[in-house]
Amino acid sequence: MQNSRLGKALSYSAFGLLFGTGYCAAASPTDQQIETAVKDAVTPVMQQQHIPGMAVAITLNGKPHYFNYGVASKETGTAVTADTLFEIGSVSKTFTATLAAYAQASGKLSLSDKASELLPALRGSAFDQISVLQLGTYSAGGLPLQFPSEADKADKMLGYFKQWKPLYPAGSHRQYSNPSLGLFGYLAARSMGQPFDQLMEKTLLPKLGLQHTFLKVPQAETARYAQGYNKDDKPVRVGPGALDSEAYGVKTSAADLLRYVEANMKPSGLEAPLQQAIATTHTGYYKVGDMTQGLGWEFYNYPVSLDTLLAGNSSQMAMEAHEVKWLNPPQAQPGSVLFNKTGSTGGFGAYVAYVPAKDIGIVILANKNYPNPERIRIAHSILSALAK
């Protein structure tokens, strides 16, 4: 079902066209063609993956469009809307990166700082040789995807870092890691002299114009918080863990997340330090294959093929270490590129992508953790349907 406040709506079709290498300024599809294409792409995936609810939001030429399917909770039958709150998992990392870049733009932090300079408790450890930038780009030397279970608590994580031994020289390999990005955000907050959650909810999110984005959903908003479902279709929501806010803790709506995408594409209306921060997150620091690593965001030269996006968002990319090729100097002003980030928790799956040069972006939120390839293929399948 569509949100009744849409008016004329655009869907994945416009975004799907961007994935092909033959993009052109063809006539826009009719509303009926678009609605059919979106429904045909989303419905089979929801059925096959047993996804209770999904929210799709698109910005095109500065205009937002929303499509909503299914329910936010199977128990209550509450319908998904553009204002339903979803867990976005690792898409949270892009918010953390923006906060760290804002700290740098505000003169509180340098990405070249060593971690132990900002956190003296780490002196004498491997973090004497690891920079803030390396933490923010998963290149500290092999920090794992997750904290070990015995260290996955706020009062245990510091001890874990102090005894951790790198597998690779700092800066040589990319190993996607919650502890790495989490410590990055933790150090950024220390540099600003406030707790991370407070800085995010009282400073960054308001500056971005986001009023319905939270680390901890307040009581007044709980009715809009979707219920997530695990692979066994059991109700689940994200629990506490070490550096959870920094790495995977954001809850937000399709409408708010689309505003965030719009701020990333057109930051000129924001205060100067925040504009600078967004530019920093969009900077390319190194490449792994066809993927360029920014801060939080990952991006690709545009146009980009479906196979390239699938490879860059694959399990192999997330689970294995990869040698990196640093860009010297960093790619500060990339040309036509597609930025993207996936995110998951035990009961939710998210995907965000946007192409500033084409003034288009998309948000896909679901209250089930389903495979990343399905999130990316949805757009491509709509392209196939509309290009006949």
# chains A, B, ... in the order shown; residues from 1 in each chain; ligands from 1
>>> select_by_dssp(residues="stretch 31-159 of chain A", states="alpha helix (DSSP H)", output="ChimeraX atom specification")
/A:31-49,92-105,115-118,132-136,157-159
>>> closest_atom_pairs(of="stretch 273-298 of chain A", to="stretch 176-197 of chain A", cutoff="12 Å", atoms="only C-alpha atoms", output="CSV")
residue,atom,partner,partner_atom,distance
A:Val288,CA,A:Tyr176,CA,11.9
A:Gln293,CA,A:Tyr176,CA,10.9
A:Leu295,CA,A:Leu181,CA,9.4
A:Gly296,CA,A:Leu181,CA,8.4
A:Trp297,CA,A:Leu181,CA,12.0
A:Glu298,CA,A:Tyr176,CA,11.8
>>> write_last_selection(atoms="N, CA, C and O atoms", output="compact mmCIF listing (two decimals), in the first residue's frame")
# COMPACT_ATOMS: atom_id res chain seq x y z
N VAL A 288 39.27 -0.81 -2.50
CA VAL A 288 39.33 -2.27 -2.50
C VAL A 288 38.51 -2.71 -3.71
O VAL A 288 37.29 -2.58 -3.72
N GLN A 293 36.49 3.52 -0.17
CA GLN A 293 36.09 3.66 1.23
C GLN A 293 36.10 5.11 1.65
O GLN A 293 37.14 5.77 1.61
N LEU A 295 34.27 7.73 4.87
CA LEU A 295 34.01 7.58 6.30
C LEU A 295 32.54 7.21 6.47
O LEU A 295 31.66 8.03 6.22
N GLY A 296 32.30 5.98 6.85
CA GLY A 296 30.93 5.50 6.94
C GLY A 296 30.41 5.06 5.59
O GLY A 296 30.05 3.91 5.39
N TRP A 297 30.39 5.97 4.64
CA TRP A 297 29.90 5.67 3.29
C TRP A 297 30.93 4.90 2.48
O TRP A 297 32.14 5.05 2.67
N GLU A 298 30.43 4.08 1.57
CA GLU A 298 31.25 3.41 0.57
C GLU A 298 30.71 3.84 -0.79
O GLU A 298 29.50 4.00 -0.95
>>> select_by_dssp(residues="stretch 95-280 of chain A", states="strand (DSSP E)", output="list of chain:residue names")
A:His173, A:Arg174, A:Gly228, A:Tyr229, A:Pro235, A:Val236, A:Lys251, A:Thr252, A:Ser253
>>> write_last_selection(atoms="N, CA and C atoms", output="PDB file, in the first residue's frame")
ATOM      1  N   HIS A 173      45.302  -3.332   5.594  1.00  0.00           N
ATOM      2  CA  HIS A 173      44.165  -4.175   5.243  1.00  0.00           C
ATOM      3  C   HIS A 173      42.858  -3.567   5.742  1.00  0.00           C
ATOM      4  N   ARG A 174      41.808  -3.796   4.996  1.00  0.00           N
ATOM      5  CA  ARG A 174      40.462  -3.467   5.442  1.00  0.00           C
ATOM      6  C   ARG A 174      39.838  -4.704   6.060  1.00  0.00           C
ATOM      7  N   GLY A 228      10.856  -5.946  15.130  1.00  0.00           N
ATOM      8  CA  GLY A 228      11.696  -6.704  14.219  1.00  0.00           C
ATOM      9  C   GLY A 228      11.473  -8.198  14.381  1.00  0.00           C
ATOM     10  N   TYR A 229      11.880  -8.955  13.337  1.00  0.00           N
ATOM     11  CA  TYR A 229      11.698 -10.405  13.345  1.00  0.00           C
ATOM     12  C   TYR A 229      12.970 -11.078  12.847  1.00  0.00           C
ATOM     13  N   PRO A 235       9.841 -12.420  17.276  1.00  0.00           N
ATOM     14  CA  PRO A 235      10.036 -10.994  17.552  1.00  0.00           C
ATOM     15  C   PRO A 235      11.390 -10.745  18.221  1.00  0.00           C
ATOM     16  N   VAL A 236      12.105  -9.716  17.775  1.00  0.00           N
ATOM     17  CA  VAL A 236      13.401  -9.381  18.342  1.00  0.00           C
ATOM     18  C   VAL A 236      13.701  -7.914  18.089  1.00  0.00           C
ATOM     19  N   LYS A 251      17.885   4.317  15.399  1.00  0.00           N
ATOM     20  CA  LYS A 251      16.531   3.969  14.983  1.00  0.00           C
ATOM     21  C   LYS A 251      15.936   5.204  14.320  1.00  0.00           C
ATOM     22  N   THR A 252      15.335   5.038  13.153  1.00  0.00           N
ATOM     23  CA  THR A 252      14.820   6.196  12.435  1.00  0.00           C
ATOM     24  C   THR A 252      13.710   5.769  11.486  1.00  0.00           C
ATOM     25  N   SER A 253      13.072   6.750  10.878  1.00  0.00           N
ATOM     26  CA  SER A 253      11.989   6.506   9.932  1.00  0.00           C
ATOM     27  C   SER A 253      12.482   6.700   8.506  1.00  0.00           C
TER      28      SER A 253
END
>>> closest_residue(among="A:Lys325, A:Arg375, A:Lys156, A:Lys341", to="A:Ser172", atoms="only C-alpha atoms")
A:Lys325
>>> closest_residue(among="A:Leu204, A:Ile378, A:Ile362, A:Leu210", to="A:Leu99", atoms="only C-alpha atoms")
A:Leu204
>>> closest_residue(among="A:Ala350, A:Ala318, A:Gly343, A:Ala277", to="A:Thr98", atoms="only C-alpha atoms")
A:Ala277
>>> atom_distance(atom1="atom CA of A:Gly335", atom2="atom CA of A:Ala379")
22.4 Å
